[in-house]
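Input: a single structure, listed below in structure tokens.
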Amino acid sequence: MEAQYPAHWEADVVLYDGGTAHVRPIRPADADRLRAFYSRLSEESIYFRFFGPRPRLSDREVTRFTNVDYVDRVALIATIGTEMVAVIRYDRIEDGEAEVAFLVEDAHQGRGVASVLLEHLAETARENGIARFVADVLPANQKMMAVLKQAGYTAQSRFADGVVRMTLDLTPTETSQAVTASREHRAEARSIERLLTPGSVAVVGAGRDPGGVGQTVLRNLLAADFAGPVYPVHREARAVAGVRAYPSVTAIDGEVDLAVLAVPADGVIEVVKECAEKGVRGLIVVSSGFGETGPEGRARQDELVRIARAYGLRVVGPNCLGIANTDPAVRLNATLAATIPGRGRVGFFSQSGALGTALLHRVAERGMGISSFVSAGNRADVSGNDLLQYWEEDPDTDVILLYLESLGNPRKFARLTRRISRRKPVVVVKSGGTTQGVPLGHAAPVLGLPDSALSALFEQAGVIRVEDLIQQFDVAQLLAHQPLPAGPRVGLVGNSDALALLAVDACVRAGLEPRPPVNLGARAGAAEFGRALASLLPEVDAAVVIYMPPIPGRAGEVAAELLRVSQEGGKPVLATFEGRLGMLPELRVGADVPERGSIPSYAAPEEAVRALAHVVRYARWRERPVGAPAELDGVDPAAARALVERLLGAGEAAGTAVGTAAAQQAERVPSGAEVARLLACYGLTVWPAEVVGSPEQAVDAAERLGWPVVLKAADPEAAKRAGTVRLGLAGPDGVRDAYADLHRQLGPDAVLAVQRMVPQPAVPTVVNVVEDSGFGAVVSFGLGEVTARLLRDEAYRLAPLTREDAAELVESPRAAPLLSGQYGYPPVAVEALEDLLVRVGRLADDLPEVARLELDPVLVGESEVVVLGARAVLRHPVGPRPDAGPRRLR
């Protein structure tokens with residue numbers, strides 16, 4: 001019987017040059033594939049691998065290399081199309097150590113194949129209990145030594161008997177993780193660059209019927225004056241739109257970098273295979289009839305992506321509008337939209353193809369301009385995360401706009417935006433719809449995280465989340481053309497008292513600090529507006545100018561003066577200029593795209609203030625320290641890991657190593673004592689509580705625990721109800737009376753518990769952890785008061801938490817002032833609470849098996865934090881977390 005391997009050992013990966021490959025374990029059926037691979041190797045590659053000439057592999061060697069047990073002997077191969085292009089393997093030589101070797105076909109060396117294979121093999125080795133790789137390398141084999149050294153693991157080498165023995169400690173380090181992230185970034189950014197900067201484009205399905213999808217894309221490409229050749233592909237037509245047509249992609253007599261597919265859905269797969277044969281590097285599938293139509297369409301979509309990735313192609317779509325690049329050296333409009341905004345500093349990603357045309361028209365109408373645009377449609381392959389990687393390094397993009405209906409890999413999105421937002425703002429439109437992935441507005445439908453959790457996680461990453469497209473464009477106008485404000489102080493200059501008062505009210509509601517408005521009167525002209533703005537700017541962080549003249553006619557002079565003064569002042573200036581949308585000094589549709597420093601104008605002052613408030617919060621986030629992983633004492637992750645595996649059971653743990661769905665469904669609810677031991681591994685103590693079945697047992701428990709005590713409902717759900725705790729019981733009679741009273745209230749079958757009384761005063765709080773299917777470990781915090789629970793007054797952050805994250809988590813609930821001594825409450829030990837949150841976050845990050853953890857209540861006193869109740873649910877995960885493990889397309 002053939003050995004089985006975990007499903008998550010297979011992956012599609014992006015290579016250094018932007019192409020793709022498939023990584024999977026080798027199988028006995030790969031024997032002929034291995035022989036063909038070996039026949040294409042150079043003598044030098046063979047010599048470096050086997051330390052001598054070996055013209056061919058014997059049948060015995062082929063059998064041995066292709067038959068592995070996936071535990072002590074593992075081999076992974078990389079395939080492109082149907083061909084094997086690389087292989088890496090390890091053989092266990094002693095407990096915890098294995099010998100590693102790899103071989104890459106000469107034509108594919110230098111593409112990063114070996115590096116990504118090493119990442120995947122190291123992950124499989126760790127899963128099988130191997131901690132070190134050793135490799136014997138010939139001194140002349142500099143490429144192999146470079147791959148091993150540059151992986152980022154702790155490496156040692158020594159020379160003996162003519163070879164270099166290298167030893168790699170496979171424990172992930174900050175360096176190895178940084179190397180992986182850097183390589184992922186470069187590869188994914190390059191794959192998008194190849195799509196947006198093609199040297200030639202083929203339009204497959206470009207017919208002669210006016211208004212057809214293919215012909216529309218073709219005409220838009222021609223109208224944009226694309227910098228390279230354009231090839232219509234039609235089975236019968238000799239020419240389309242005056243351009244010579246070809247019967248197939250393979251018949252084109254020049255190279256093709258990008259192909260736009262506008263053929264019926266059932267014919268797309270055949271065309272993809274033709275494109276692969278031709279050597280096309282990227283696809284845009286505007287055709288519908290895929291995942292949006294149901295199971296059959298989804299299966300067709302999966303097959304499309306599988307074949308495209310297997311042959312090294314990235315796919316935009318299907319069911320998309322297309323892509324555009326306004327770079328004068330490219331001039332690409334491979335979309336269904338005839339109107340593309342002019343050159344600008346904004347990168348725009350829209351998941352919706354239906355909205356794309358309208359969105360581009362709105363952008364052009366405002367005079368914003370774009371650097372590039374991608375409509376991903378069903379987002380079967382290329383996603384917003386890929387575009388983030390590209391725009392992060394794109395020198396022509398200053399602001400990133402995303403219209404998302406779902407998040408395919410939320411944790412990766414949070415990781416990328418947390419890094420990118422430090423340099424470039426990311427503005428996301430909230431949407432509740434979805435076709436696949438994790439829907440926005442329903443961050444985790446299975447586990448029930450509310451929409452506020454998604455907003456909090458975006459805020460943690462520095463993402464500006466807005467309610468609608470109008471807000472997105474409002475914010476983008478300001479970010480693209482004005483500097484960031486240094487604070488919340490807002491100056492107001494105008495010639496309308498009524499509009500100025502509306503602006504003041506809007507500032508107060510948005511948390512800004514408005515200064516008294518400067519009213520210049522209806523007759524004020526350019527000089528008056530200029531002097532007022534110039535005198536105001538030194539005293540504020542931003543200014544809003546309201547120009548609504550009763551008699552138009554001097555708008556151009558006023559706009560020019562405002563622009564001059566604002567540029568000299570170096571602070572953001574916004575305007576409501578005659579109630580028109582656009583950019584000062586010009587407000588006409590179709591004008592040249594304004595340069596940075598132009599003043600955005602909004603239809604109403606409230607809209608200007610709302611945009612400014614978003615940008616002020618973003619600027620404040622950028623000023624916060626990045627934060628580093630907290631140094632914690634009294635933490636023993638190895639002991640916690642051993643305890644969790646023991647609680648889940650060795651048999652189940654072994655099952656999980658191969659990623660079985662049954663193992664994922666198997667849950668374990670540990671006892672309170674077991675949860676306490678787990679928390680103790682992270683320096684957290686749970687006060688003991690004893691369940692009692694009679695008044696006398698309650699008295700005995702109180703004697704053991706120490707007076708005074710509390711008597712409370714033992715059931716976690718019942719304990720959340722008001723009036724289920726009796727406090728300050730200082731003697732046996734009080735315990736007996738409380739026992740009888742609670743049984744009258746909760747019923748004769750109620751289960752009660754005795755616990756030592758926490759010194760008063762103290763504020764009750766609740767800390768939760770949920771292992772979310774998309775985000776990974778999410779930590780939430782809120783106050784334990786009944787009202788706070790009913791209103792779900794909670795804050796959320798992704799684990800692990802920095803000290804800064806923990807401080808923000810404590811400050812975020814609306815009831816947080818109760819922790820700082822307001823409303824009659826005494827100040828409490830906030831720093832100790834933050835330390836507890838950091839420790840809980842570390843536990844959650846270390847142990848994905850902790851599906852749920854609830855600390856309730858956590859009493860925060862004047863000098864200490866006490867955990868009175870702790871419950872957990874353990875479950876084996878299937879495969880790595882969404883953004884964990886080696887690089888892969890997901």
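A note on labels: chains of the structure tokens are A, B, ... as shown, every chain counts residues from 1, and ligands are counted from 1 in their shown order.
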Gly297 of chain A surroundings by only C-alpha atoms, 12 Å radius, close-in-sequence under 2 positions cut, as a PyMOL selection string: chain A and resi 265-266+268+287-295+299-304+318-319+378+380
Non-local contacts of Ser352 of chain A (9 Å; only C-alpha atoms; under 5 positions in same chain excluded) as a PyMOL selection string: chain A and resi 319-321+375-378+403-405
Nearest candidate to Pro550 of chain A (options A:Thr335, A:Ser496, A:Gln215, A:Ser42; using only C-alpha atoms): A:Ser496
Residue nearest Ser863 of chain A - candidates A:Thr802, A:Gln760, A:Thr357, A:Gln460, atoms counted: only C-alpha atoms: A:Gln760
Residue contacts of segment 516-528 of chain A (10 Å, only C-alpha atoms) excluding same-chain residues fewer than 4 positions away, as a ChimeraX atom specification: /A:490-497,500-501,503-504,532-534,536,544-551,554-562
Test item, helix (DSSP H, G or I) assignment across segment 45-243 of chain A, answer as a count of residues only: 74
All residues 12 Å or closer to Gln351 of chain A, only C-alpha atoms, same chain fewer than 2 positions away omitted, as a PyMOL selection string: chain A and resi 316-323+348-349+353-356+359+373-385+387+401-408+428-429+431+433-437
Residues within 6 Å of segment 74-87 of chain A, only C-alpha atoms, excluding chain neighbours under 4 positions, as a list in words: Ala21, His22, Val23, Arg24, Pro25, Ile26, Phe37, Val68, Tyr70, Phe102, Leu103, Val104, Glu105, Ala310 and Tyr311 of chain A
Residue list (strand (DSSP E or B), DSSP) for segment 260-373 of chain A, as a ChimeraX atom specification: /A:260-261,282-285,314-316,322-325,332-335,343-350,370-373
